[in-house]
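K.L.:
Input: one structure, supplied below.
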Amino acid sequence: LFIGCGDANEKPAGGEKGKLLVGMSIRDLANPYYVQIKEGAELFLNNVVGKGNYELTMYESQGSDEKQINDVKAFIARVEDGNGILYVDPNNAPNAAVIADLCEEAGIYWNTTWSYADGIYPMDYEYYVMHQTADNVAGAYETAKAMFESFETPGEGKIVAVQGMLSNDASIDREIGWKKALEEYPNV
């Protein structure tokens, strides 16, 4: 992953001499989930790249597609000679297509988590390293069944489903999962 991240003797734009620039594009650090992602990234970077050998910048989209794309452009503008990597949780799936083109043109290695645009796959790009996600259909299905069985009268009750962002792959897949479970529990 770090091959081609620049010569340690060169000074990358916006970073100190020899430091790997790491960008993380997320929704916001008010969410404990993203705080844990940031802490995990720091642990990884400290152990693999070495404390003091990288500069981590968090970009918080606050749910705005436009802000996320502009943040990615700002990160790319700071990187010289491939001395940067980018982690992206696309605010909405279509953002991944735009970001793929931006990173490919800039020669920046990057990955997505949770959402990706239809037809945009890591193996089709030189710099798109990977996409990571859980099986959200299965997760929502199993969670819904466990919840339905935990009701005072197992398999009977009422629920309210609060969806996430409607163009977010995880939200779409979770809806499929809980609807599948509802089909098996007609008294819910």
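We name chains A, B, ... following the order of the structure tokens; residues begin at 1 in each chain, and ligands are numbered from 1 as shown.
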Enumerate as a PyMOL selection string all residues of stretch 29-103 of chain A assigned to strand (DSSP E) by DSSP on the backbone, naming them with the chain letters and numbers the document uses.

P.N.:
chain A and resi 54-60+84-88

K.L.:
If we count only C-alpha atoms and set the cut-off at 12 Å, which residues sit around A:Val162, ignoring sequence neighbours fewer than 6 positions away in its own chain? Please answer as a tab-separated table (two decimals) with C-alpha atoms, in the first residue's frame.

P.N.:
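Generated file (result14.tsv):
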chain	number	residue	atom	x	y	z
A	171	SER	CA	-29.05	1.87	4.48
A	172	ILE	CA	-30.50	0.32	1.34
A	174	ARG	CA	-30.31	-2.91	5.84
A	175	GLU	CA	-33.83	-2.12	4.67
A	178	TRP	CA	-35.29	-6.14	7.93

K.L.:
Please run DSSP on the backbone and report, as a list in words, all residues within stretch 17-56 of chain A that come out as helix (DSSP H, G or I).

P.N.:
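So, restricting stretch 17-56 of chain A to helix (DSSP H, G or I), we get Pro32, Tyr33, Tyr34, Val35, Gln36, Ile37, Lys38, Glu39, Gly40, Ala41, Glu42, Leu43, Phe44, Leu45, Asn46, Asn47, Val48, Val49 and Gly50 of chain A.
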
K.L.:
Residues of the last selection are to be written out with all heavy atoms, as a short mmCIF file (atom, residue, chain, number, x, y, z; two decimals), in the first residue's frame.

P.N.:
data_model
loop_
_atom_site.label_atom_id
_atom_site.label_comp_id
_atom_site.auth_asym_id
_atom_site.auth_seq_id
_atom_site.Cartn_x
_atom_site.Cartn_y
_atom_site.Cartn_z
N PRO A 32 -19.52 8.60 17.80
CA PRO A 32 -18.49 7.73 18.40
C PRO A 32 -17.93 6.69 17.44
O PRO A 32 -16.77 6.30 17.56
CB PRO A 32 -19.22 7.05 19.56
CG PRO A 32 -20.39 7.93 19.86
CD PRO A 32 -20.77 8.59 18.56
N TYR A 33 -18.70 6.27 16.46
CA TYR A 33 -18.22 5.31 15.46
C TYR A 33 -17.00 5.89 14.73
O TYR A 33 -15.98 5.24 14.57
CB TYR A 33 -19.34 4.97 14.47
CG TYR A 33 -18.87 4.22 13.25
CD1 TYR A 33 -18.60 2.86 13.32
CD2 TYR A 33 -18.68 4.87 12.03
CE1 TYR A 33 -18.16 2.16 12.21
CE2 TYR A 33 -18.25 4.19 10.92
CZ TYR A 33 -17.99 2.83 11.01
OH TYR A 33 -17.55 2.15 9.91
N TYR A 34 -17.12 7.14 14.29
CA TYR A 34 -16.03 7.75 13.54
C TYR A 34 -14.85 8.09 14.44
O TYR A 34 -13.70 8.09 13.99
CB TYR A 34 -16.51 8.98 12.78
CG TYR A 34 -17.41 8.59 11.62
CD1 TYR A 34 -18.77 8.89 11.64
CD2 TYR A 34 -16.91 7.90 10.53
CE1 TYR A 34 -19.59 8.51 10.60
CE2 TYR A 34 -17.72 7.51 9.49
CZ TYR A 34 -19.06 7.81 9.52
OH TYR A 34 -19.88 7.43 8.49
N VAL A 35 -15.10 8.36 15.71
CA VAL A 35 -14.00 8.57 16.65
C VAL A 35 -13.18 7.27 16.75
O VAL A 35 -11.95 7.31 16.73
CB VAL A 35 -14.52 9.01 18.04
CG1 VAL A 35 -13.40 9.01 19.07
CG2 VAL A 35 -15.18 10.39 17.94
N GLN A 36 -13.87 6.13 16.81
CA GLN A 36 -13.16 4.85 16.86
C GLN A 36 -12.39 4.58 15.58
O GLN A 36 -11.27 4.04 15.62
CB GLN A 36 -14.13 3.71 17.15
CG GLN A 36 -14.64 3.71 18.57
CD GLN A 36 -15.55 2.55 18.86
OE1 GLN A 36 -16.20 1.99 17.97
NE2 GLN A 36 -15.62 2.17 20.12
N ILE A 37 -12.96 4.93 14.44
CA ILE A 37 -12.27 4.76 13.16
C ILE A 37 -10.98 5.60 13.17
O ILE A 37 -9.92 5.12 12.77
CB ILE A 37 -13.17 5.18 11.98
CG1 ILE A 37 -14.39 4.25 11.85
CG2 ILE A 37 -12.39 5.25 10.68
CD1 ILE A 37 -14.08 2.85 11.42
N LYS A 38 -11.06 6.83 13.63
CA LYS A 38 -9.88 7.71 13.71
C LYS A 38 -8.84 7.11 14.65
O LYS A 38 -7.65 7.05 14.31
CB LYS A 38 -10.28 9.10 14.19
CG LYS A 38 -9.11 10.04 14.33
CD LYS A 38 -9.55 11.39 14.89
CE LYS A 38 -8.39 12.35 14.96
NZ LYS A 38 -7.89 12.56 16.30
N GLU A 39 -9.27 6.64 15.82
CA GLU A 39 -8.33 6.06 16.78
C GLU A 39 -7.68 4.80 16.20
O GLU A 39 -6.48 4.58 16.39
CB GLU A 39 -9.04 5.75 18.09
CG GLU A 39 -9.43 7.00 18.86
CD GLU A 39 -10.35 6.73 20.05
OE1 GLU A 39 -10.79 5.57 20.24
OE2 GLU A 39 -10.63 7.68 20.80
N GLY A 40 -8.45 3.98 15.50
CA GLY A 40 -7.90 2.79 14.86
C GLY A 40 -6.88 3.14 13.79
O GLY A 40 -5.83 2.50 13.68
N ALA A 41 -7.17 4.18 13.02
CA ALA A 41 -6.23 4.63 11.99
C ALA A 41 -4.93 5.09 12.63
O ALA A 41 -3.83 4.77 12.14
CB ALA A 41 -6.85 5.75 11.17
N GLU A 42 -5.04 5.83 13.72
CA GLU A 42 -3.83 6.31 14.40
C GLU A 42 -3.01 5.14 14.94
O GLU A 42 -1.77 5.14 14.83
CB GLU A 42 -4.20 7.28 15.52
CG GLU A 42 -4.70 8.61 14.99
CD GLU A 42 -5.31 9.51 16.04
OE1 GLU A 42 -5.80 9.00 17.08
OE2 GLU A 42 -5.32 10.74 15.83
N LEU A 43 -3.66 4.14 15.52
CA LEU A 43 -2.94 2.95 16.01
C LEU A 43 -2.21 2.26 14.86
O LEU A 43 -1.04 1.88 14.98
CB LEU A 43 -3.90 1.98 16.69
CG LEU A 43 -4.37 2.34 18.07
CD1 LEU A 43 -5.49 1.40 18.52
CD2 LEU A 43 -3.22 2.28 19.06
N PHE A 44 -2.93 2.07 13.75
CA PHE A 44 -2.34 1.43 12.58
C PHE A 44 -1.15 2.23 12.08
O PHE A 44 -0.06 1.69 11.86
CB PHE A 44 -3.40 1.27 11.48
CG PHE A 44 -2.83 0.75 10.19
CD1 PHE A 44 -2.61 -0.60 10.01
CD2 PHE A 44 -2.51 1.63 9.16
CE1 PHE A 44 -2.09 -1.09 8.82
CE2 PHE A 44 -1.98 1.15 7.97
CZ PHE A 44 -1.76 -0.20 7.80
N LEU A 45 -1.35 3.52 11.87
CA LEU A 45 -0.29 4.36 11.33
C LEU A 45 0.92 4.40 12.26
O LEU A 45 2.06 4.35 11.80
CB LEU A 45 -0.82 5.77 11.07
CG LEU A 45 -1.81 5.88 9.90
CD1 LEU A 45 -2.57 7.19 9.96
CD2 LEU A 45 -1.09 5.70 8.57
N ASN A 46 0.69 4.50 13.56
CA ASN A 46 1.81 4.51 14.52
C ASN A 46 2.63 3.24 14.43
O ASN A 46 3.85 3.27 14.53
CB ASN A 46 1.30 4.71 15.95
CG ASN A 46 0.85 6.12 16.22
OD1 ASN A 46 1.23 7.06 15.52
ND2 ASN A 46 0.02 6.28 17.23
N ASN A 47 1.94 2.11 14.23
CA ASN A 47 2.64 0.82 14.21
C ASN A 47 3.23 0.46 12.86
O ASN A 47 4.23 -0.24 12.79
CB ASN A 47 1.71 -0.29 14.68
CG ASN A 47 1.48 -0.24 16.17
OD1 ASN A 47 2.43 -0.32 16.95
ND2 ASN A 47 0.25 -0.05 16.58
N VAL A 48 2.63 0.93 11.78
CA VAL A 48 3.10 0.56 10.44
C VAL A 48 3.98 1.65 9.83
O VAL A 48 5.04 1.36 9.29
CB VAL A 48 1.90 0.23 9.51
CG1 VAL A 48 2.36 -0.02 8.09
CG2 VAL A 48 1.14 -0.97 10.05
N VAL A 49 3.57 2.88 9.91
CA VAL A 49 4.31 3.98 9.31
C VAL A 49 5.29 4.56 10.32
O VAL A 49 6.38 4.99 9.97
CB VAL A 49 3.35 5.08 8.80
CG1 VAL A 49 4.10 6.26 8.20
CG2 VAL A 49 2.38 4.51 7.78
N GLY A 50 4.90 4.56 11.58
CA GLY A 50 5.75 5.08 12.64
C GLY A 50 5.26 6.44 13.11
O GLY A 50 5.01 7.33 12.30
#

K.L.:
Residues at most 12 Å from A:Lys67, counting only C-alpha atoms, excluding those fewer than 3 positions away in the same chain, as a PyMOL selection string?

P.N.:
chain A and resi 25-28+59-64+70-74+90-92+95

K.L.:
Hey, which of A:Asn83, A:Gln68, A:Asn31, A:Gln163 ends up closest to A:Lys19? Count only C-alpha atoms.

P.N.:
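Residue with the minimum atom-to-atom distance to A:Lys19: A:Asn83.
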
K.L.:
Could you give me, as a ChimeraX atom specification, the residues within 12 Å of A:Tyr141, counting only C-alpha atoms and dropping anything in the same chain fewer than 2 positions from it?

P.N.:
/A:135-139,143-148,173-185

K.L.:
Keeping C-alpha atoms, export the residues of the selection given above as a PDB file, in the first residue's frame.

P.N.:
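What ended up in again_28.pdb:
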ATOM      1  CA  ASP A 135     -23.040  -7.886   4.602  1.00  0.00           C
ATOM      2  CA  ASN A 136     -25.693  -5.408   5.651  1.00  0.00           C
ATOM      3  CA  VAL A 137     -28.597  -7.487   4.332  1.00  0.00           C
ATOM      4  CA  ALA A 138     -27.612 -10.462   6.487  1.00  0.00           C
ATOM      5  CA  GLY A 139     -26.748  -8.259   9.460  1.00  0.00           C
ATOM      6  CA  THR A 143     -30.678  -8.455  14.028  1.00  0.00           C
ATOM      7  CA  ALA A 144     -34.367  -8.050  13.190  1.00  0.00           C
ATOM      8  CA  LYS A 145     -35.084 -11.740  13.843  1.00  0.00           C
ATOM      9  CA  ALA A 146     -33.292 -11.584  17.207  1.00  0.00           C
ATOM     10  CA  MET A 147     -35.242  -8.458  18.118  1.00  0.00           C
ATOM     11  CA  PHE A 148     -38.569 -10.028  17.102  1.00  0.00           C
ATOM     12  CA  ASP A 173     -29.169  -3.144   2.210  1.00  0.00           C
ATOM     13  CA  ARG A 174     -30.308  -2.915   5.840  1.00  0.00           C
ATOM     14  CA  GLU A 175     -33.832  -2.117   4.669  1.00  0.00           C
ATOM     15  CA  ILE A 176     -33.782  -5.220   2.456  1.00  0.00           C
ATOM     16  CA  GLY A 177     -32.643  -7.284   5.462  1.00  0.00           C
ATOM     17  CA  TRP A 178     -35.286  -6.140   7.930  1.00  0.00           C
ATOM     18  CA  LYS A 179     -38.042  -6.396   5.309  1.00  0.00           C
ATOM     19  CA  LYS A 180     -36.943  -9.991   4.648  1.00  0.00           C
ATOM     20  CA  ALA A 181     -37.263 -10.710   8.387  1.00  0.00           C
ATOM     21  CA  LEU A 182     -40.704  -9.049   8.490  1.00  0.00           C
ATOM     22  CA  GLU A 183     -41.906 -11.485   5.798  1.00  0.00           C
ATOM     23  CA  GLU A 184     -41.116 -14.360   8.176  1.00  0.00           C
ATOM     24  CA  TYR A 185     -42.826 -12.690  11.141  1.00  0.00           C
TER      25      TYR A 185
END

K.L.:
So which residues touch A:Leu56 within 7 Å, counting only C-alpha atoms, skipping near sequence neighbours fewer than 5 positions away, as a PyMOL selection string?

P.N.:
chain A and resi 21-23

K.L.:
Using N, CA, C and O atoms, can you export the residues from the last selection as a PDB file, in the first residue's frame?

P.N.:
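again_37.pdb written:
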ATOM      1  N   LEU A  21       1.156  11.880   3.949  1.00  0.00           N
ATOM      2  CA  LEU A  21      -0.103  12.580   4.202  1.00  0.00           C
ATOM      3  C   LEU A  21      -1.239  11.566   4.141  1.00  0.00           C
ATOM      4  O   LEU A  21      -1.370  10.832   3.164  1.00  0.00           O
ATOM      5  N   VAL A  22      -2.036  11.517   5.187  1.00  0.00           N
ATOM      6  CA  VAL A  22      -3.157  10.585   5.268  1.00  0.00           C
ATOM      7  C   VAL A  22      -4.424  11.401   5.462  1.00  0.00           C
ATOM      8  O   VAL A  22      -4.524  12.201   6.388  1.00  0.00           O
ATOM      9  N   GLY A  23      -5.375  11.216   4.567  1.00  0.00           N
ATOM     10  CA  GLY A  23      -6.654  11.902   4.674  1.00  0.00           C
ATOM     11  C   GLY A  23      -7.744  10.902   4.983  1.00  0.00           C
ATOM     12  O   GLY A  23      -7.740   9.784   4.467  1.00  0.00           O
TER      13      GLY A  23
END

K.L.:
Name all residues at most 10 Å from stretch 112-126 of chain A (count only C-alpha atoms; drop same-chain ones fewer than 4 positions away) and give them as a CSV table (one decimal) with all heavy atoms, in the first residue's frame.

P.N.:
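The result, stored in out-v2.csv:
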chain,number,residue,atom,x,y,z
A,25,SER,N,-11.9,10.9,5.0
A,25,SER,CA,-13.1,11.7,4.7
A,25,SER,C,-14.3,10.9,5.3
A,25,SER,O,-14.6,9.8,4.9
A,25,SER,CB,-13.3,11.8,3.2
A,25,SER,OG,-14.5,12.5,2.9
A,26,ILE,N,-14.9,11.5,6.4
A,26,ILE,CA,-16.0,10.8,7.1
A,26,ILE,C,-17.1,11.8,7.3
A,26,ILE,O,-17.0,13.0,6.8
A,26,ILE,CB,-15.5,10.4,8.5
A,26,ILE,CG1,-14.9,11.6,9.3
A,26,ILE,CG2,-14.4,9.3,8.4
A,26,ILE,CD1,-14.7,11.4,10.7
A,86,LEU,N,-5.7,8.0,1.1
A,86,LEU,CA,-7.0,8.5,1.4
A,86,LEU,C,-8.0,7.4,1.8
A,86,LEU,O,-8.1,6.4,1.0
A,86,LEU,CB,-7.5,9.4,0.3
A,86,LEU,CG,-8.9,10.1,0.4
A,86,LEU,CD1,-8.8,11.1,1.5
A,86,LEU,CD2,-9.3,10.7,-0.9
A,87,TYR,N,-8.7,7.6,2.9
A,87,TYR,CA,-9.7,6.7,3.4
A,87,TYR,C,-11.0,7.5,3.2
A,87,TYR,O,-11.1,8.6,3.7
A,87,TYR,CB,-9.5,6.3,4.9
A,87,TYR,CG,-10.7,5.7,5.5
A,87,TYR,CD1,-10.7,4.3,5.7
A,87,TYR,CD2,-11.7,6.4,6.1
A,87,TYR,CE1,-11.8,3.7,6.3
A,87,TYR,CE2,-12.8,5.8,6.7
A,87,TYR,CZ,-12.8,4.5,6.9
A,87,TYR,OH,-13.9,3.9,7.5
A,88,VAL,N,-12.0,6.9,2.5
A,88,VAL,CA,-13.3,7.6,2.3
A,88,VAL,C,-14.5,6.7,2.7
A,88,VAL,O,-14.6,5.6,2.2
A,88,VAL,CB,-13.4,8.0,0.8
A,88,VAL,CG1,-14.7,8.7,0.5
A,88,VAL,CG2,-12.2,8.8,0.3
A,89,ASP,N,-15.3,7.3,3.5
A,89,ASP,CA,-16.7,6.8,3.7
A,89,ASP,C,-17.6,7.7,2.9
A,89,ASP,O,-18.0,8.8,3.4
A,89,ASP,CB,-17.0,6.8,5.2
A,89,ASP,CG,-18.4,6.2,5.5
A,89,ASP,OD1,-19.1,5.9,4.5
A,89,ASP,OD2,-18.8,6.0,6.6
A,90,PRO,N,-17.9,7.3,1.6
A,90,PRO,CA,-18.7,8.2,0.8
A,90,PRO,C,-20.0,8.6,1.5
A,90,PRO,O,-20.8,7.7,1.9
A,90,PRO,CB,-19.0,7.3,-0.5
A,90,PRO,CG,-17.9,6.4,-0.5
A,90,PRO,CD,-17.6,6.0,0.9
A,91,ASN,N,-20.3,9.8,1.5
A,91,ASN,CA,-21.5,10.4,2.1
A,91,ASN,C,-22.7,9.7,1.4
A,91,ASN,O,-23.6,9.3,2.1
A,91,ASN,CB,-21.5,11.9,1.9
A,91,ASN,CG,-22.6,12.5,2.7
A,91,ASN,OD1,-22.7,12.3,3.9
A,91,ASN,ND2,-23.4,13.3,2.1
A,92,ASN,N,-22.6,9.6,0.1
A,92,ASN,CA,-23.6,8.9,-0.7
A,92,ASN,C,-22.8,8.2,-1.8
A,92,ASN,O,-21.8,8.6,-2.2
A,92,ASN,CB,-24.6,9.9,-1.4
A,92,ASN,CG,-25.7,10.4,-0.4
A,92,ASN,OD1,-26.4,9.6,0.1
A,92,ASN,ND2,-25.7,11.7,-0.2
A,93,ALA,N,-23.4,7.0,-2.2
A,93,ALA,CA,-22.7,6.2,-3.1
A,93,ALA,C,-22.1,6.9,-4.4
A,93,ALA,O,-21.0,6.6,-4.8
A,93,ALA,CB,-23.6,5.0,-3.5
A,94,PRO,N,-22.9,7.7,-5.0
A,94,PRO,CA,-22.4,8.4,-6.2
A,94,PRO,C,-21.1,9.2,-6.0
A,94,PRO,O,-20.3,9.4,-7.0
A,94,PRO,CB,-23.5,9.3,-6.7
A,94,PRO,CG,-24.7,8.6,-6.1
A,94,PRO,CD,-24.3,8.1,-4.8
A,95,ASN,N,-20.8,9.6,-4.8
A,95,ASN,CA,-19.5,10.3,-4.5
A,95,ASN,C,-18.3,9.5,-4.9
A,95,ASN,O,-17.3,10.0,-5.3
A,95,ASN,CB,-19.4,10.7,-3.1
A,95,ASN,CG,-20.3,11.9,-2.7
A,95,ASN,OD1,-21.2,12.3,-3.5
A,95,ASN,ND2,-20.2,12.4,-1.5
A,96,ALA,N,-18.4,8.2,-4.7
A,96,ALA,CA,-17.3,7.3,-5.0
A,96,ALA,C,-16.8,7.4,-6.4
A,96,ALA,O,-15.6,7.3,-6.7
A,96,ALA,CB,-17.6,5.8,-4.6
A,97,ALA,N,-17.8,7.6,-7.3
A,97,ALA,CA,-17.4,7.7,-8.8
A,97,ALA,C,-16.6,8.9,-9.0
A,97,ALA,O,-15.5,8.9,-9.7
A,97,ALA,CB,-18.6,7.7,-9.6
A,98,VAL,N,-17.0,10.0,-8.4
A,98,VAL,CA,-16.3,11.3,-8.6
A,98,VAL,C,-14.9,11.2,-7.9
A,98,VAL,O,-13.9,11.6,-8.5
A,98,VAL,CB,-17.1,12.5,-7.9
A,98,VAL,CG1,-16.3,13.8,-8.0
A,98,VAL,CG2,-18.4,12.6,-8.6
A,99,ILE,N,-14.8,10.6,-6.7
A,99,ILE,CA,-13.6,10.5,-6.0
A,99,ILE,C,-12.6,9.5,-6.7
A,99,ILE,O,-11.4,9.8,-6.7
A,99,ILE,CB,-13.9,10.1,-4.5
A,99,ILE,CG1,-14.6,11.2,-3.8
A,99,ILE,CG2,-12.6,9.7,-3.8
A,99,ILE,CD1,-15.2,10.8,-2.5
A,100,ALA,N,-13.2,8.5,-7.3
A,100,ALA,CA,-12.3,7.6,-8.0
A,100,ALA,C,-11.6,8.3,-9.2
A,100,ALA,O,-10.4,8.1,-9.3
A,100,ALA,CB,-13.2,6.4,-8.6
A,101,ASP,N,-12.3,9.1,-9.9
A,101,ASP,CA,-11.7,9.9,-11.0
A,101,ASP,C,-10.6,10.9,-10.5
A,101,ASP,O,-9.6,11.0,-11.0
A,101,ASP,CB,-12.7,10.6,-11.8
A,101,ASP,CG,-13.6,9.6,-12.6
A,101,ASP,OD1,-13.2,8.5,-12.8
A,101,ASP,OD2,-14.7,10.0,-13.0
A,103,CYS,N,-8.9,10.7,-7.6
A,103,CYS,CA,-7.7,10.1,-7.1
A,103,CYS,C,-6.9,9.4,-8.2
A,103,CYS,O,-5.7,9.4,-8.1
A,103,CYS,CB,-8.1,9.0,-6.0
A,103,CYS,SG,-8.7,9.8,-4.5
A,104,GLU,N,-7.6,8.9,-9.2
A,104,GLU,CA,-6.9,8.2,-10.3
A,104,GLU,C,-6.0,9.3,-11.0
A,104,GLU,O,-4.9,9.0,-11.4
A,104,GLU,CB,-7.9,7.6,-11.3
A,104,GLU,CG,-7.3,6.7,-12.2
A,104,GLU,CD,-6.7,5.4,-11.6
A,104,GLU,OE1,-7.1,5.0,-10.5
A,104,GLU,OE2,-5.9,4.7,-12.3
A,107,GLY,N,-3.1,10.2,-8.9
A,107,GLY,CA,-2.2,9.1,-8.5
A,107,GLY,C,-2.1,8.9,-7.0
A,107,GLY,O,-1.1,8.6,-6.4
A,108,ILE,N,-3.3,9.0,-6.3
A,108,ILE,CA,-3.4,8.8,-4.9
A,108,ILE,C,-4.1,7.5,-4.6
A,108,ILE,O,-5.2,7.2,-5.0
A,108,ILE,CB,-4.1,10.0,-4.2
A,108,ILE,CG1,-3.3,11.2,-4.4
A,108,ILE,CG2,-4.4,9.7,-2.8
A,108,ILE,CD1,-3.9,12.5,-3.9
A,130,MET,N,-9.1,-0.7,-2.4
A,130,MET,CA,-10.1,-1.7,-1.9
A,130,MET,C,-11.4,-1.0,-1.5
A,130,MET,O,-11.4,0.2,-1.2
A,130,MET,CB,-9.6,-2.5,-0.7
A,130,MET,CG,-9.4,-1.8,0.5
A,130,MET,SD,-8.9,-2.8,1.9
A,130,MET,CE,-8.9,-1.7,3.2
A,131,HIS,N,-12.4,-1.8,-1.4
A,131,HIS,CA,-13.7,-1.4,-0.8
A,131,HIS,C,-14.0,-2.4,0.4
A,131,HIS,O,-13.9,-3.6,0.2
A,131,HIS,CB,-14.8,-1.4,-1.8
A,131,HIS,CG,-16.2,-1.1,-1.2
A,131,HIS,ND1,-16.5,0.1,-0.8
A,131,HIS,CD2,-17.2,-1.9,-0.8
A,131,HIS,CE1,-17.7,0.1,-0.3
A,131,HIS,NE2,-18.2,-1.1,-0.3
A,132,GLN,N,-14.4,-1.8,1.5
A,132,GLN,CA,-14.7,-2.7,2.6
A,132,GLN,C,-16.1,-2.4,3.2
A,132,GLN,O,-16.5,-1.3,3.3
A,132,GLN,CB,-13.7,-2.5,3.7
A,132,GLN,CG,-13.6,-1.1,4.3
A,132,GLN,CD,-12.4,-0.8,5.1
A,132,GLN,OE1,-11.2,-1.2,4.7
A,132,GLN,NE2,-12.5,-0.2,6.2
A,133,THR,N,-16.8,-3.5,3.4
A,133,THR,CA,-18.2,-3.3,4.0
A,133,THR,C,-18.6,-4.6,4.6
A,133,THR,O,-18.0,-5.7,4.4
A,133,THR,CB,-19.2,-2.8,2.9
A,133,THR,OG1,-20.4,-2.4,3.6
A,133,THR,CG2,-19.5,-3.9,1.9
A,134,ALA,N,-19.6,-4.6,5.4
A,134,ALA,CA,-20.2,-5.8,6.0
A,134,ALA,C,-21.3,-6.2,5.1
A,134,ALA,O,-21.8,-5.5,4.2
A,134,ALA,CB,-20.7,-5.4,7.4
A,135,ASP,N,-21.8,-7.4,5.3
A,135,ASP,CA,-23.0,-7.9,4.6
A,135,ASP,C,-24.2,-7.3,5.4
A,135,ASP,O,-24.7,-7.9,6.3
A,135,ASP,CB,-23.1,-9.4,4.6
A,135,ASP,CG,-24.3,-10.0,3.8
A,135,ASP,OD1,-25.2,-9.2,3.6
A,135,ASP,OD2,-24.2,-11.1,3.4
A,136,ASN,N,-24.6,-6.1,4.9
A,136,ASN,CA,-25.7,-5.4,5.7
A,136,ASN,C,-27.1,-6.0,5.5
A,136,ASN,O,-27.9,-5.9,6.4
A,136,ASN,CB,-25.7,-4.0,5.2
A,136,ASN,CG,-24.5,-3.2,5.6
A,136,ASN,OD1,-24.3,-3.1,6.8
A,136,ASN,ND2,-23.7,-2.8,4.7
A,167,SER,N,-29.6,7.2,-0.2
A,167,SER,CA,-28.7,6.7,-1.3
A,167,SER,C,-27.5,6.1,-0.8
A,167,SER,O,-26.5,5.9,-1.6
A,167,SER,CB,-28.4,7.9,-2.3
A,167,SER,OG,-27.6,8.8,-1.6
A,168,ASN,N,-27.4,5.7,0.4
A,168,ASN,CA,-26.3,5.0,1.1
A,168,ASN,C,-26.5,3.5,1.0
A,168,ASN,O,-27.5,3.0,1.4
A,168,ASN,CB,-26.2,5.5,2.5
A,168,ASN,CG,-25.0,5.0,3.2
A,168,ASN,OD1,-25.0,3.8,3.5
A,168,ASN,ND2,-24.1,5.8,3.5
A,169,ASP,N,-25.5,2.8,0.4
A,169,ASP,CA,-25.7,1.4,0.2
A,169,ASP,C,-26.0,0.6,1.5
A,169,ASP,O,-26.8,-0.3,1.5
A,169,ASP,CB,-24.4,0.8,-0.3
A,169,ASP,CG,-24.0,1.3,-1.7
A,169,ASP,OD1,-25.0,1.6,-2.5
A,169,ASP,OD2,-22.9,1.3,-2.1
A,170,ALA,N,-25.4,1.0,2.6
A,170,ALA,CA,-25.6,0.3,3.9
A,170,ALA,C,-27.1,0.5,4.3
A,170,ALA,O,-27.7,-0.5,4.7
A,170,ALA,CB,-24.7,0.8,5.0
A,171,SER,N,-27.6,1.6,4.1
A,171,SER,CA,-29.0,1.9,4.5
A,171,SER,C,-30.0,1.1,3.6
A,171,SER,O,-31.0,0.5,4.0
A,171,SER,CB,-29.4,3.4,4.4
A,171,SER,OG,-28.7,4.1,5.3

K.L.:
Distance atom CA of A:Tyr127-atom CA of A:Phe75, one decimal place?

P.N.:
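Atom-to-atom, atom CA of A:Tyr127 to atom CA of A:Phe75, that is 15.4 Å.
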
K.L.:
As an exercise, work out the distance from atom CA of A:Asn187 to atom CA of A:Phe151 in Å and give it to one decimal place.

P.N.:
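About the pair atom CA of A:Asn187 and atom CA of A:Phe151: they are 11.3 Å apart.
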
K.L.:
What is the atom CA of A:Met165-atom CA of A:Tyr109 distance in Å, reported with one decimal?

P.N.:
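Going from atom CA of A:Met165 over to atom CA of A:Tyr109 covers 26.5 Å.
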